[in-house]
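Have a look at the structure below before the remarks.
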Amino acid sequence: MPYQGDTTPAGSTTAASSPAPPAKTTTTAPHVVTVIPAVDLFLGTVTITVKAGTEWFRHPQPLLIAQSLAQAVRPTHWCEASRTLTVTVAAAGKRAGVQRHYTLSREDPAEEGPA
């Protein structure tokens with residue numbers, strides 16, 4: 001059976017073998033910043049301070065966020081547009097860790113009345 005491989009010499013280049021440049025995407029990524037959030041387990045609030053100021057958010061299970069922050073292996077990221085806090089935690093078999101996403105609600109804890 002005859003050889004059916006590439007017979008082009010290794011030193012030569014052809015236009016057909018050069019890879020095409022990657023296509024430009026027109027979508028813009030949401031603005032994500034690195035933060036150190038503060039979690040209040042008693043009130044159930046998460047405090048995030050960025051250049052725009054300090055904001056308070058709520059999450060139904062603040063203990064999960066606090067536990068994730070205790071296991072974090074990378075900086076924590078905040079996306080204002082989607083109100084998502086991303087914490088990368090250690091995981092067996094995952095060298096880069098696993099991202100956990102927490103969507104926070106924008107409820108002002110001062111607006112609550114006495115229970």
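Identifiers in the structure tokens: chain A, B, ... in order shown; residue index from 1 per chain; ligand index from 1 in order shown.
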- Query: Residues at most 12 Å from Ala38 (chain A), counting only C-alpha atoms, excluding those fewer than 5 positions away in the same chain, as a list in words?
  - Reply: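 Final neighbour list, sorted by chain and number: Leu43, Gly44, Thr45, Val46, Thr47, Ile48, Thr49, Thr54, Glu55, Trp56, Phe57, Arg58, Pro62, Leu63, Ile65, Ala66, Leu69, Ala70, Thr76 and Leu85 of chain A.
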Exercise: His101 (chain A) partners within 8 Å, only C-alpha atoms, chain neighbours under 3 positions left out, as an mmCIF file with all heavy atoms, in the first residue's frame:
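For reference, around-v9.cif as written:
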```cif
data_model
loop_
_atom_site.group_PDB
_atom_site.id
_atom_site.type_symbol
_atom_site.label_atom_id
_atom_site.label_comp_id
_atom_site.auth_asym_id
_atom_site.auth_seq_id
_atom_site.Cartn_x
_atom_site.Cartn_y
_atom_site.Cartn_z
ATOM 1 N N THR A 84 -23.486 38.608 41.102
ATOM 2 C CA THR A 84 -22.970 37.269 41.356
ATOM 3 C C THR A 84 -21.607 37.346 42.018
ATOM 4 O O THR A 84 -20.704 38.009 41.515
ATOM 5 C CB THR A 84 -22.868 36.469 40.043
ATOM 6 O OG1 THR A 84 -24.161 36.438 39.431
ATOM 7 C CG2 THR A 84 -22.394 35.057 40.296
ATOM 8 N N LEU A 85 -21.477 36.632 43.127
ATOM 9 C CA LEU A 85 -20.215 36.496 43.834
ATOM 10 C C LEU A 85 -19.644 35.134 43.460
ATOM 11 O O LEU A 85 -20.325 34.120 43.598
ATOM 12 C CB LEU A 85 -20.448 36.582 45.343
ATOM 13 C CG LEU A 85 -19.228 36.641 46.233
ATOM 14 C CD1 LEU A 85 -18.514 37.981 46.034
ATOM 15 C CD2 LEU A 85 -19.631 36.472 47.687
ATOM 16 N N THR A 86 -18.414 35.104 42.944
ATOM 17 C CA THR A 86 -17.790 33.855 42.511
ATOM 18 C C THR A 86 -16.605 33.555 43.416
ATOM 19 O O THR A 86 -15.672 34.343 43.497
ATOM 20 C CB THR A 86 -17.324 33.954 41.051
ATOM 21 O OG1 THR A 86 -18.444 34.298 40.236
ATOM 22 C CG2 THR A 86 -16.739 32.647 40.579
ATOM 23 N N VAL A 87 -16.677 32.398 44.082
ATOM 24 C CA VAL A 87 -15.624 31.959 44.985
ATOM 25 C C VAL A 87 -15.051 30.664 44.431
ATOM 26 O O VAL A 87 -15.799 29.721 44.174
ATOM 27 C CB VAL A 87 -16.169 31.729 46.415
ATOM 28 C CG1 VAL A 87 -15.048 31.340 47.362
ATOM 29 C CG2 VAL A 87 -16.908 32.951 46.922
#
```
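For the pair CA of Ser68 (chain A) and CA of Arg100 (chain A), the interatomic distance is 7.8 Å.
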- Please measure the separation of CA of Pro60 (chain A) and CA of His77 (chain A), giving the value in Å to one decimal. 19.4 Å
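Using only C-alpha atoms, the nearest neighbour of Cys79 (chain A) within the list A:Thr34, A:Gln61, A:Gln67, A:Ser105 is A:Thr34.
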- Task: Mind listing the strand (DSSP E or B) residues of region 15-97 of chain A, per DSSP on the backbone, as a VMD selection string?
- Result: chain A and resid 32 to 35 38 to 40 45 to 50 53 to 58 72 76 to 79 84 to 91 94 to 97
- Item | CA of Ala72 (chain A) to CA of Gly97 (chain A), straight-line distance in Å |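 Answer for the CA of Gly97 (chain A) to CA of Ala72 (chain A) separation: 8.6 Å.
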- Nearest to Val89 (chain A) among A:Leu104, A:Leu64, A:Val35, A:Ala52, with distances taken over only C-alpha atoms: which residue is it? A:Leu64
- Give the answer as one residue: which of A:Glu80, A:Pro30, A:Pro75, A:Thr103 has the shortest atom-to-atom distance to Val50 (chain A), using only C-alpha atoms?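 Checking each candidate against Val50 (chain A), we get A:Glu80 as the closest.
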